[in-house]
Amino acid sequence: MKIGFIGLGNMGAPMALNLLKAGHAVKVFDLSAAAVQTLVDAGAQACGSPKTAASDVECVITMLPAAAHVRSVLSADDGVLAGIATGVPIIDSSTIDPASVKAFAELAARHGNSFIDAPVSGGTGGAAAGTLTFMVGGSASAFEQVKPVLAAMGKNIVHCGDSGTGQVAKICNNLVLGISMAGVAEAMSLGEALGIDPKVLGAIINTSTGRCWSSDTYNPMPGVIDTAPASRDYSGGFGTDLMLKDLGLATDAARSVRQPVYLGALAQQLYQTMSSNGAGRLDFSAVIKLYRCEGGTGSGGGAR
Ligand code: NAD
C-alpha cells in the first residue's frame, strides 16, 4: 500500500519504519530535515509538504505533538486536504482532545475523507517493536478499512466507538499514568530517604500490590530498571511537556462534563513545575527530581 506519513518524532519515526518493514511504500514529511533523512535512508520517499505526502497515496497518517499541529497540517494551503484524493482515510495517532477530533472529522468529511482518531499507548519501545495499542474512534467501516495498516505498527487494535472515543480512552489511560508515575516517584524517593536500597525496594514493589507499569517497566529511580529512561538521564521516552499536555486534555475534558479529577489536577501541577524548571523535554519519569531535591533541571546534583 502507498502511505503518507507526517510527523517523524520519537514515535512517528519508528512507526513509519515499521510500515516500510511491512512492505508498504511510505511518503514522509516532517519540519525536521534530519528526521526525514533517517526515513529516506530506510527507503521512504521525502516530500516537501503535507500536501505532497498526501497525494497519490491510499492512506495518510499523522503523528504530531498537539491539536494545533494537526489543524495546520490538515488545512494549510499546502496541507493534507489540499493534496489527498477523495475516499482516502486520514488516521491521526497524535494525542489530542476529543472535541478537536470531531471538528477535524467534519472538515475531512466535507472533502470526502474519513478522519479516524487512533492514539497509541506503548511508548517509544512499543513503537520500535511494532507492539503499540491503537485506540480507534470512527465508524465500524472506517475501522475495518484502516485496521490492516495499523496492524503493521501495533499488536492491539481496538475499536473504541464513534469519532473521538479513541482519544477518550487515551486521555483516561494517561490520567492514570501521570498519577501512577508521581506515586511511584514519591514512594521510591521516600524509601531512598529512609535508607533502603532502591533496587531492593523496586523489586519488592514489583512483586507486591504497588506494582504497575510505572514501577516495573519505567521505574523513575535511576538504576532500578536498566532499560528505563531514568537509567539514561531521562533522555528519549515520553516528554514531560507531552504528559503535561495530556493531563491538560484530561482536566479540560473533565470540566466539560463537570467530572472531578482531584489527583489528575495535582499531578498536572507536578509536571508543570518540572516544565517551568526547564525539564519539559526530559522523560516524564524525571518528575522524581522534585522529590530528590534536584529541582527538575537535572543540573542540581542535590540528590540524596
Ligand atoms: P515528538 O515531539 O518527538 O515528534 C513530533 C514530530 O512532529 C517532530 O518530529 C516535529 O518536527 C514534527 N512536527 C511538528 N509540527 C509539524 C508540522 N507542522 N509538520 C510536520 N511535522 C511537524 O513527539 P512524539 O513523542 O513522537 O509524540 C507524538 C504524539 O504522540 C504526541 O501527541 C504524543 O502525545 C503522542 N504519544 C507519544 C508517546 C511517547 O512515548 N513519546 C506515547 C504515546 C503517544
# chains A, B, ... in the order shown; residues from 1 in each chain; ligands from 1
>>> select_by_dssp(residues="range 68-97 of chain A", states="helix (DSSP H, G or I)", output="CSV table (one decimal) with N, CA and C atoms, in the first residue's frame")
chain,number,residue,atom,x,y,z
A,68,ALA,N,-3.1,21.7,17.5
A,68,ALA,CA,-2.8,22.9,16.7
A,68,ALA,C,-1.9,22.4,15.5
A,69,HIS,N,-1.0,21.5,15.7
A,69,HIS,CA,-0.2,21.0,14.6
A,69,HIS,C,-1.0,20.2,13.6
A,70,VAL,N,-2.0,19.4,14.2
A,70,VAL,CA,-2.8,18.6,13.3
A,70,VAL,C,-3.7,19.5,12.4
A,71,ARG,N,-4.2,20.6,13.1
A,71,ARG,CA,-5.1,21.5,12.3
A,71,ARG,C,-4.3,22.1,11.1
A,72,SER,N,-3.1,22.6,11.4
A,72,SER,CA,-2.3,23.2,10.4
A,72,SER,C,-1.9,22.2,9.3
A,73,VAL,N,-1.5,21.0,9.7
A,73,VAL,CA,-1.1,20.0,8.7
A,73,VAL,C,-2.2,19.6,7.8
A,74,LEU,N,-3.4,19.6,8.4
A,74,LEU,CA,-4.6,19.3,7.6
A,74,LEU,C,-5.0,20.4,6.7
A,75,SER,N,-5.1,21.6,7.2
A,75,SER,CA,-5.9,22.6,6.5
A,75,SER,C,-5.1,23.8,5.9
A,80,VAL,N,-2.7,18.5,4.0
A,80,VAL,CA,-3.1,17.2,3.6
A,80,VAL,C,-4.4,17.3,2.7
A,81,LEU,N,-5.3,18.2,3.2
A,81,LEU,CA,-6.6,18.2,2.4
A,81,LEU,C,-6.5,18.8,1.1
A,82,ALA,N,-5.4,19.6,0.8
A,82,ALA,CA,-5.1,20.2,-0.5
A,82,ALA,C,-4.6,19.1,-1.5
A,83,GLY,N,-4.1,18.0,-0.9
A,83,GLY,CA,-3.5,17.0,-1.9
A,83,GLY,C,-4.2,15.7,-1.9
>>> residues_around(residues="range 273-285 of chain A", least_positions_apart="5", cutoff="8 Å", atoms="only C-alpha atoms", output="ChimeraX atom specification")
/A:181-182,185,218-220,229-230,234-241,243,290,295-298
>>> closest_atom_pairs(of="chain A", to="ligand 1", cutoff="6 Å", atoms="only C-alpha atoms and all ligand atoms", output="CSV")
residue,atom,partner,partner_atom_place_in_ligand_line,distance
A:Ile6,CA,ligand 1,20 (C),5.6
A:Gly7,CA,ligand 1,7 (O),3.9
A:Leu8,CA,ligand 1,9 (O),4.4
A:Gly9,CA,ligand 1,4 (O),3.2
A:Asn10,CA,ligand 1,3 (O),3.9
A:Met11,CA,ligand 1,26 (O),3.7
A:Gly12,CA,ligand 1,26 (O),5.2
A:Phe29,CA,ligand 1,20 (C),5.9
A:Asp30,CA,ligand 1,21 (N),3.7
A:Leu31,CA,ligand 1,21 (N),4.6
A:Ser32,CA,ligand 1,11 (O),4.9
A:Met63,CA,ligand 1,28 (C),5.1
A:Leu64,CA,ligand 1,7 (O),4.3
A:Pro65,CA,ligand 1,31 (C),4.0
A:Ala66,CA,ligand 1,32 (O),5.2
A:His69,CA,ligand 1,18 (N),5.1
A:Val73,CA,ligand 1,18 (N),5.4
A:Ser94,CA,ligand 1,32 (O),3.7
A:Thr95,CA,ligand 1,32 (O),3.9
A:Val120,CA,ligand 1,43 (C),5.1
A:Ser121,CA,ligand 1,43 (C),4.9
A:Gly123,CA,ligand 1,40 (O),3.6
A:Thr124,CA,ligand 1,40 (O),4.9
A:Gly237,CA,ligand 1,40 (O),5.0
A:Phe238,CA,ligand 1,40 (O),3.8
A:Leu242,CA,ligand 1,34 (O),5.1
>>> select_by_dssp(residues="range 63-297 of chain A", states="strand (DSSP E or B)", output="PDB file with all heavy atoms, in the first residue's frame")
ATOM      1  N   ILE A  90      -7.768   9.362   6.619  1.00  0.00           N
ATOM      2  CA  ILE A  90      -6.704  10.070   7.365  1.00  0.00           C
ATOM      3  C   ILE A  90      -6.724   9.516   8.789  1.00  0.00           C
ATOM      4  O   ILE A  90      -7.744   9.601   9.488  1.00  0.00           O
ATOM      5  CB  ILE A  90      -6.976  11.584   7.410  1.00  0.00           C
ATOM      6  CG1 ILE A  90      -7.105  12.152   5.997  1.00  0.00           C
ATOM      7  CG2 ILE A  90      -5.875  12.305   8.196  1.00  0.00           C
ATOM      8  CD1 ILE A  90      -7.703  13.567   5.952  1.00  0.00           C
ATOM      9  N   ILE A  91      -5.604   8.937   9.203  1.00  0.00           N
ATOM     10  CA  ILE A  91      -5.500   8.383  10.555  1.00  0.00           C
ATOM     11  C   ILE A  91      -4.636   9.334  11.374  1.00  0.00           C
ATOM     12  O   ILE A  91      -3.496   9.608  11.004  1.00  0.00           O
ATOM     13  CB  ILE A  91      -4.798   7.001  10.536  1.00  0.00           C
ATOM     14  CG1 ILE A  91      -5.522   6.027   9.612  1.00  0.00           C
ATOM     15  CG2 ILE A  91      -4.671   6.452  11.946  1.00  0.00           C
ATOM     16  CD1 ILE A  91      -4.753   4.721   9.379  1.00  0.00           C
ATOM     17  N   ASP A  92      -5.166   9.830  12.473  1.00  0.00           N
ATOM     18  CA  ASP A  92      -4.350  10.685  13.340  1.00  0.00           C
ATOM     19  C   ASP A  92      -4.035   9.928  14.618  1.00  0.00           C
ATOM     20  O   ASP A  92      -4.924   9.593  15.387  1.00  0.00           O
ATOM     21  CB  ASP A  92      -5.087  11.993  13.662  1.00  0.00           C
ATOM     22  CG  ASP A  92      -4.239  12.867  14.583  1.00  0.00           C
ATOM     23  OD1 ASP A  92      -3.000  12.919  14.375  1.00  0.00           O
ATOM     24  OD2 ASP A  92      -4.801  13.472  15.514  1.00  0.00           O
ATOM     25  N   PHE A 115     -11.774  10.842   8.878  1.00  0.00           N
ATOM     26  CA  PHE A 115     -10.684  11.215   9.801  1.00  0.00           C
ATOM     27  C   PHE A 115     -10.856  10.313  11.020  1.00  0.00           C
ATOM     28  O   PHE A 115     -11.876  10.366  11.714  1.00  0.00           O
ATOM     29  CB  PHE A 115     -10.806  12.686  10.194  1.00  0.00           C
ATOM     30  CG  PHE A 115      -9.732  13.148  11.144  1.00  0.00           C
ATOM     31  CD1 PHE A 115      -8.549  13.700  10.664  1.00  0.00           C
ATOM     32  CD2 PHE A 115      -9.899  13.030  12.522  1.00  0.00           C
ATOM     33  CE1 PHE A 115      -7.550  14.136  11.545  1.00  0.00           C
ATOM     34  CE2 PHE A 115      -8.908  13.461  13.401  1.00  0.00           C
ATOM     35  CZ  PHE A 115      -7.741  14.018  12.905  1.00  0.00           C
ATOM     36  N   ILE A 116      -9.877   9.459  11.237  1.00  0.00           N
ATOM     37  CA  ILE A 116     -10.003   8.441  12.289  1.00  0.00           C
ATOM     38  C   ILE A 116      -9.018   8.756  13.405  1.00  0.00           C
ATOM     39  O   ILE A 116      -7.806   8.905  13.156  1.00  0.00           O
ATOM     40  CB  ILE A 116      -9.690   7.040  11.702  1.00  0.00           C
ATOM     41  CG1 ILE A 116     -10.740   6.719  10.635  1.00  0.00           C
ATOM     42  CG2 ILE A 116      -9.649   5.963  12.767  1.00  0.00           C
ATOM     43  CD1 ILE A 116     -10.185   6.475   9.301  1.00  0.00           C
ATOM     44  N   ASP A 117      -9.498   8.892  14.639  1.00  0.00           N
ATOM     45  CA  ASP A 117      -8.559   9.076  15.755  1.00  0.00           C
ATOM     46  C   ASP A 117      -8.051   7.698  16.157  1.00  0.00           C
ATOM     47  O   ASP A 117      -8.834   6.772  16.374  1.00  0.00           O
ATOM     48  CB  ASP A 117      -9.186   9.833  16.932  1.00  0.00           C
ATOM     49  CG  ASP A 117     -10.541   9.316  17.398  1.00  0.00           C
ATOM     50  OD1 ASP A 117     -11.434   9.126  16.536  1.00  0.00           O
ATOM     51  OD2 ASP A 117     -10.707   9.105  18.616  1.00  0.00           O
ATOM     52  N   VAL A 120      -2.144   6.141  20.512  1.00  0.00           N
ATOM     53  CA  VAL A 120      -1.453   4.888  20.858  1.00  0.00           C
ATOM     54  C   VAL A 120      -0.999   4.881  22.308  1.00  0.00           C
ATOM     55  O   VAL A 120      -0.793   5.927  22.918  1.00  0.00           O
ATOM     56  CB  VAL A 120      -0.207   4.688  19.968  1.00  0.00           C
ATOM     57  CG1 VAL A 120      -0.612   4.610  18.511  1.00  0.00           C
ATOM     58  CG2 VAL A 120       0.823   5.794  20.175  1.00  0.00           C
ATOM     59  N   SER A 121      -0.803   3.683  22.831  1.00  0.00           N
ATOM     60  CA  SER A 121      -0.030   3.546  24.063  1.00  0.00           C
ATOM     61  C   SER A 121       1.016   2.472  23.824  1.00  0.00           C
ATOM     62  O   SER A 121       0.880   1.659  22.908  1.00  0.00           O
ATOM     63  CB  SER A 121      -0.917   3.217  25.262  1.00  0.00           C
ATOM     64  OG  SER A 121      -1.244   1.861  25.251  1.00  0.00           O
ATOM     65  N   LEU A 132       2.460  -1.505  19.567  1.00  0.00           N
ATOM     66  CA  LEU A 132       1.599  -0.468  20.142  1.00  0.00           C
ATOM     67  C   LEU A 132       0.156  -0.950  20.294  1.00  0.00           C
ATOM     68  O   LEU A 132      -0.291  -1.840  19.564  1.00  0.00           O
ATOM     69  CB  LEU A 132       1.597   0.767  19.224  1.00  0.00           C
ATOM     70  CG  LEU A 132       2.907   1.543  19.121  1.00  0.00           C
ATOM     71  CD1 LEU A 132       2.818   2.577  17.996  1.00  0.00           C
ATOM     72  CD2 LEU A 132       3.257   2.206  20.447  1.00  0.00           C
ATOM     73  N   THR A 133      -0.552  -0.325  21.236  1.00  0.00           N
ATOM     74  CA  THR A 133      -2.010  -0.465  21.282  1.00  0.00           C
ATOM     75  C   THR A 133      -2.598   0.762  20.586  1.00  0.00           C
ATOM     76  O   THR A 133      -2.213   1.892  20.893  1.00  0.00           O
ATOM     77  CB  THR A 133      -2.508  -0.520  22.735  1.00  0.00           C
ATOM     78  OG1 THR A 133      -2.057  -1.744  23.315  1.00  0.00           O
ATOM     79  CG2 THR A 133      -4.033  -0.466  22.806  1.00  0.00           C
ATOM     80  N   PHE A 134      -3.486   0.531  19.622  1.00  0.00           N
ATOM     81  CA  PHE A 134      -4.192   1.632  18.954  1.00  0.00           C
ATOM     82  C   PHE A 134      -5.613   1.689  19.481  1.00  0.00           C
ATOM     83  O   PHE A 134      -6.315   0.671  19.490  1.00  0.00           O
ATOM     84  CB  PHE A 134      -4.232   1.408  17.436  1.00  0.00           C
ATOM     85  CG  PHE A 134      -2.933   1.732  16.744  1.00  0.00           C
ATOM     86  CD1 PHE A 134      -1.961   0.750  16.562  1.00  0.00           C
ATOM     87  CD2 PHE A 134      -2.676   3.016  16.284  1.00  0.00           C
ATOM     88  CE1 PHE A 134      -0.754   1.049  15.930  1.00  0.00           C
ATOM     89  CE2 PHE A 134      -1.480   3.324  15.654  1.00  0.00           C
ATOM     90  CZ  PHE A 134      -0.515   2.339  15.475  1.00  0.00           C
ATOM     91  N   MET A 135      -6.027   2.881  19.927  1.00  0.00           N
ATOM     92  CA  MET A 135      -7.387   3.099  20.418  1.00  0.00           C
ATOM     93  C   MET A 135      -8.110   3.886  19.330  1.00  0.00           C
ATOM     94  O   MET A 135      -7.796   5.057  19.103  1.00  0.00           O
ATOM     95  CB  MET A 135      -7.330   3.895  21.723  1.00  0.00           C
ATOM     96  CG  MET A 135      -6.607   3.129  22.823  1.00  0.00           C
ATOM     97  SD  MET A 135      -5.957   4.207  24.112  1.00  0.00           S
ATOM     98  CE  MET A 135      -4.199   4.036  23.841  1.00  0.00           C
ATOM     99  N   VAL A 136      -9.021   3.232  18.648  1.00  0.00           N
ATOM    100  CA  VAL A 136      -9.538   3.788  17.396  1.00  0.00           C
ATOM    101  C   VAL A 136     -10.968   4.300  17.549  1.00  0.00           C
ATOM    102  O   VAL A 136     -11.848   3.588  18.037  1.00  0.00           O
ATOM    103  CB  VAL A 136      -9.478   2.717  16.280  1.00  0.00           C
ATOM    104  CG1 VAL A 136      -9.871   3.338  14.935  1.00  0.00           C
ATOM    105  CG2 VAL A 136      -8.092   2.096  16.194  1.00  0.00           C
ATOM    106  N   GLY A 137     -11.173   5.550  17.106  1.00  0.00           N
ATOM    107  CA  GLY A 137     -12.514   6.133  17.088  1.00  0.00           C
ATOM    108  C   GLY A 137     -12.952   6.391  15.654  1.00  0.00           C
ATOM    109  O   GLY A 137     -12.179   6.931  14.859  1.00  0.00           O
ATOM    110  N   GLY A 154       1.230  -2.081  15.320  1.00  0.00           N
ATOM    111  CA  GLY A 154       0.744  -2.377  16.668  1.00  0.00           C
ATOM    112  C   GLY A 154       0.250  -3.786  16.821  1.00  0.00           C
ATOM    113  O   GLY A 154       0.053  -4.511  15.838  1.00  0.00           O
ATOM    114  N   LYS A 155       0.057  -4.182  18.079  1.00  0.00           N
ATOM    115  CA  LYS A 155      -0.385  -5.546  18.393  1.00  0.00           C
ATOM    116  C   LYS A 155      -1.871  -5.564  18.745  1.00  0.00           C
ATOM    117  O   LYS A 155      -2.591  -6.477  18.370  1.00  0.00           O
ATOM    118  CB  LYS A 155       0.442  -6.073  19.574  1.00  0.00           C
ATOM    119  CG  LYS A 155       0.554  -7.575  19.622  1.00  0.00           C
ATOM    120  CD  LYS A 155       1.605  -8.032  20.620  1.00  0.00           C
ATOM    121  CE  LYS A 155       1.279  -7.565  22.022  1.00  0.00           C
ATOM    122  NZ  LYS A 155       2.174  -8.052  23.052  1.00  0.00           N
ATOM    123  N   ASN A 156      -2.313  -4.549  19.482  1.00  0.00           N
ATOM    124  CA  ASN A 156      -3.726  -4.485  19.881  1.00  0.00           C
ATOM    125  C   ASN A 156      -4.386  -3.319  19.164  1.00  0.00           C
ATOM    126  O   ASN A 156      -4.023  -2.162  19.394  1.00  0.00           O
ATOM    127  CB  ASN A 156      -3.859  -4.256  21.397  1.00  0.00           C
ATOM    128  CG  ASN A 156      -3.150  -5.328  22.169  1.00  0.00           C
ATOM    129  OD1 ASN A 156      -3.342  -6.511  21.921  1.00  0.00           O
ATOM    130  ND2 ASN A 156      -2.286  -4.926  23.092  1.00  0.00           N
ATOM    131  N   ILE A 157      -5.334  -3.633  18.303  1.00  0.00           N
ATOM    132  CA  ILE A 157      -6.034  -2.590  17.550  1.00  0.00           C
ATOM    133  C   ILE A 157      -7.481  -2.638  18.032  1.00  0.00           C
ATOM    134  O   ILE A 157      -8.209  -3.582  17.696  1.00  0.00           O
ATOM    135  CB  ILE A 157      -5.990  -2.857  16.024  1.00  0.00           C
ATOM    136  CG1 ILE A 157      -4.652  -3.471  15.574  1.00  0.00           C
ATOM    137  CG2 ILE A 157      -6.350  -1.619  15.235  1.00  0.00           C
ATOM    138  CD1 ILE A 157      -3.468  -2.585  15.647  1.00  0.00           C
ATOM    139  N   VAL A 158      -7.887  -1.646  18.822  1.00  0.00           N
ATOM    140  CA  VAL A 158      -9.193  -1.716  19.487  1.00  0.00           C
ATOM    141  C   VAL A 158     -10.130  -0.631  18.958  1.00  0.00           C
ATOM    142  O   VAL A 158      -9.770   0.555  18.958  1.00  0.00           O
ATOM    143  CB  VAL A 158      -9.024  -1.517  21.017  1.00  0.00           C
ATOM    144  CG1 VAL A 158     -10.363  -1.663  21.726  1.00  0.00           C
ATOM    145  CG2 VAL A 158      -8.005  -2.497  21.569  1.00  0.00           C
ATOM    146  N   HIS A 159     -11.318  -1.053  18.524  1.00  0.00           N
ATOM    147  CA  HIS A 159     -12.326  -0.074  18.108  1.00  0.00           C
ATOM    148  C   HIS A 159     -13.062   0.395  19.361  1.00  0.00           C
ATOM    149  O   HIS A 159     -13.743  -0.393  20.029  1.00  0.00           O
ATOM    150  CB  HIS A 159     -13.302  -0.708  17.110  1.00  0.00           C
ATOM    151  CG  HIS A 159     -14.247   0.281  16.522  1.00  0.00           C
ATOM    152  ND1 HIS A 159     -15.504  -0.034  16.081  1.00  0.00           N
ATOM    153  CD2 HIS A 159     -14.115   1.627  16.302  1.00  0.00           C
ATOM    154  CE1 HIS A 159     -16.107   1.049  15.613  1.00  0.00           C
ATOM    155  NE2 HIS A 159     -15.283   2.070  15.737  1.00  0.00           N
ATOM    156  N   CYS A 160     -12.905   1.685  19.712  1.00  0.00           N
ATOM    157  CA  CYS A 160     -13.481   2.202  20.964  1.00  0.00           C
ATOM    158  C   CYS A 160     -14.899   2.720  20.782  1.00  0.00           C
ATOM    159  O   CYS A 160     -15.630   2.867  21.762  1.00  0.00           O
ATOM    160  CB  CYS A 160     -12.605   3.331  21.507  1.00  0.00           C
ATOM    161  SG  CYS A 160     -10.936   2.792  21.879  1.00  0.00           S
ATOM    162  N   GLY A 161     -15.274   3.041  19.545  1.00  0.00           N
ATOM    163  CA  GLY A 161     -16.610   3.592  19.299  1.00  0.00           C
ATOM    164  C   GLY A 161     -16.529   4.703  18.266  1.00  0.00           C
ATOM    165  O   GLY A 161     -15.626   4.723  17.428  1.00  0.00           O
ATOM    166  N   GLY A 239       8.048  12.744  26.726  1.00  0.00           N
ATOM    167  CA  GLY A 239       8.467  14.016  27.309  1.00  0.00           C
ATOM    168  C   GLY A 239       7.533  14.546  28.397  1.00  0.00           C
ATOM    169  O   GLY A 239       6.317  14.361  28.327  1.00  0.00           O
ATOM    170  N   ASP A 283      12.200  12.928  29.890  1.00  0.00           N
ATOM    171  CA  ASP A 283      11.127  11.953  30.054  1.00  0.00           C
ATOM    172  C   ASP A 283      10.318  12.300  31.307  1.00  0.00           C
ATOM    173  O   ASP A 283      10.867  12.781  32.312  1.00  0.00           O
ATOM    174  CB  ASP A 283      11.720  10.550  30.184  1.00  0.00           C
ATOM    175  CG  ASP A 283      10.637   9.507  30.348  1.00  0.00           C
ATOM    176  OD1 ASP A 283      10.024   9.160  29.332  1.00  0.00           O
ATOM    177  OD2 ASP A 283      10.372   9.079  31.494  1.00  0.00           O
TER     178      ASP A 283
END
>>> atom_distance(atom1="CA of Gly125 in chain A", atom2="CA of Ala228 in chain A")
9.9 Å
>>> atom_distance(atom1="CA of Lys27 in chain A", atom2="CA of Val101 in chain A")
23.6 Å
>>> closest_residue(among="A:Ala22, A:Ala187, A:Ala16, A:Met153", to="Ala35 in chain A", atoms="only C-alpha atoms")
A:Ala16
>>> closest_residue(among="A:Gly264, A:Gly178, A:Ala127, A:Asp162", to="Ala140 in chain A", atoms="only C-alpha atoms")
A:Asp162
>>> closest_residue(among="A:Ala54, A:Val261, A:Ile204, A:Leu194", to="Leu249 in chain A", atoms="only C-alpha atoms")
A:Val261
>>> atom_distance(atom1="CA of Leu201 in chain A", atom2="CA of Val184 in chain A")
10.8 Å
>>> closest_residue(among="A:Val224, A:Leu175, A:Val60, A:Ala267", to="Leu150 in chain A", atoms="only C-alpha atoms")
A:Val60
>>> closest_residue(among="A:Val149, A:Pro260, A:Asp77, A:Asp56", to="His24 in chain A", atoms="only C-alpha atoms")
A:Val149
>>> residues_around(residues="Ala33 in chain A", least_positions_apart="5", cutoff="12 Å", atoms="only C-alpha atoms", output="PyMOL selection string")
chain A and resi 7-9+28+38-40+46-49
>>> write_last_selection(atoms="N, CA, C and O atoms", output="CSV table (one decimal), in the first residue's frame")
chain,number,residue,atom,x,y,z
A,7,GLY,N,5.0,13.6,10.5
A,7,GLY,CA,5.4,13.7,11.9
A,7,GLY,C,6.3,12.5,12.3
A,7,GLY,O,5.8,11.5,12.6
A,8,LEU,N,7.6,12.8,12.2
A,8,LEU,CA,8.6,11.7,12.4
A,8,LEU,C,9.4,11.9,13.6
A,8,LEU,O,10.6,11.9,13.6
A,9,GLY,N,8.7,12.1,14.7
A,9,GLY,CA,9.4,12.3,16.0
A,9,GLY,C,9.8,11.0,16.7
A,9,GLY,O,9.9,10.0,16.1
A,28,VAL,N,7.1,10.6,3.2
A,28,VAL,CA,7.2,11.2,4.5
A,28,VAL,C,7.4,12.7,4.5
A,28,VAL,O,8.0,13.3,3.5
A,38,THR,N,16.5,10.3,8.0
A,38,THR,CA,16.5,8.9,8.7
A,38,THR,C,15.6,8.0,7.9
A,38,THR,O,15.9,6.8,7.7
A,39,LEU,N,14.4,8.5,7.6
A,39,LEU,CA,13.4,7.6,6.9
A,39,LEU,C,13.8,7.3,5.5
A,39,LEU,O,13.6,6.2,5.0
A,40,VAL,N,14.3,8.4,4.9
A,40,VAL,CA,14.8,8.2,3.5
A,40,VAL,C,15.9,7.2,3.4
A,40,VAL,O,15.9,6.3,2.5
A,46,ALA,N,11.0,11.2,0.4
A,46,ALA,CA,10.8,12.5,1.1
A,46,ALA,C,9.9,13.4,0.3
A,46,ALA,O,9.8,13.4,-0.9
A,47,CYS,N,9.1,14.2,1.1
A,47,CYS,CA,8.1,15.1,0.4
A,47,CYS,C,8.4,16.5,1.0
A,47,CYS,O,8.8,16.7,2.2
A,48,GLY,N,8.0,17.6,0.2
A,48,GLY,CA,8.3,18.9,0.6
A,48,GLY,C,7.2,19.6,1.4
A,48,GLY,O,7.3,20.7,1.9
A,49,SER,N,6.0,18.9,1.5
A,49,SER,CA,4.9,19.4,2.2
A,49,SER,C,3.9,18.3,2.6
A,49,SER,O,4.0,17.2,2.0
>>> closest_residue(among="A:Cys293, A:Ala265, A:Ala25, A:Ala118", to="Lys147 in chain A", atoms="only C-alpha atoms")
A:Ala118
>>> residues_around(residues="range 250-253 of chain A", least_positions_apart="3", cutoff="12 Å", atoms="only C-alpha atoms", output="PyMOL selection string")
chain A and resi 95-100+164+167-179+243-247+256-269
>>> write_last_selection(atoms="C-alpha atoms", output="JSON list (two decimals), in the first residue's frame")
[["chain", "number", "residue", "atom", "x", "y", "z"],
["A", 95, "THR", "CA", -2.90, 12.55, 21.38],
["A", 96, "ILE", "CA", -5.38, 15.42, 21.10],
["A", 97, "ASP", "CA", -8.73, 16.43, 22.59],
["A", 98, "PRO", "CA", -11.92, 14.64, 21.51],
["A", 99, "ALA", "CA", -13.62, 17.93, 20.54],
["A", 100, "SER", "CA", -10.87, 18.72, 18.01],
["A", 164, "GLY", "CA", -13.31, 10.88, 19.39],
["A", 167, "GLN", "CA", -8.91, 9.93, 22.38],
["A", 168, "VAL", "CA", -11.23, 9.48, 25.36],
["A", 169, "ALA", "CA", -9.59, 6.09, 26.03],
["A", 170, "LYS", "CA", -6.11, 7.55, 25.59],
["A", 171, "ILE", "CA", -6.72, 10.56, 27.84],
["A", 172, "CYS", "CA", -8.11, 8.35, 30.61],
["A", 173, "ASN", "CA", -5.15, 5.96, 30.31],
["A", 174, "ASN", "CA", -2.65, 8.80, 30.54],
["A", 175, "LEU", "CA", -4.51, 10.26, 33.51],
["A", 176, "VAL", "CA", -3.75, 7.00, 35.32],
["A", 177, "LEU", "CA", -0.17, 7.01, 34.03],
["A", 178, "GLY", "CA", 0.62, 10.57, 35.13],
["A", 179, "ILE", "CA", -0.75, 9.88, 38.59],
["A", 243, "MET", "CA", 2.47, 14.40, 29.79],
["A", 244, "LEU", "CA", 1.62, 17.93, 30.90],
["A", 245, "LYS", "CA", -0.34, 18.34, 27.68],
["A", 246, "ASP", "CA", -2.23, 15.07, 28.22],
["A", 247, "LEU", "CA", -3.16, 15.94, 31.81],
["A", 256, "SER", "CA", -16.70, 19.89, 30.03],
["A", 257, "VAL", "CA", -18.69, 17.15, 31.80],
["A", 258, "ARG", "CA", -18.27, 18.56, 35.36],
["A", 259, "GLN", "CA", -16.39, 15.45, 36.47],
["A", 260, "PRO", "CA", -13.83, 15.86, 39.29],
["A", 261, "VAL", "CA", -10.20, 14.81, 38.66],
["A", 262, "TYR", "CA", -8.62, 15.53, 42.05],
["A", 263, "LEU", "CA", -5.39, 13.57, 41.60],
["A", 264, "GLY", "CA", -5.05, 14.44, 37.92],
["A", 265, "ALA", "CA", -5.11, 18.15, 38.73],
["A", 266, "LEU", "CA", -2.43, 17.66, 41.39],
["A", 267, "ALA", "CA", -0.26, 15.56, 39.07],
["A", 268, "GLN", "CA", -0.67, 18.26, 36.40],
["A", 269, "GLN", "CA", 0.88, 20.79, 38.80]]
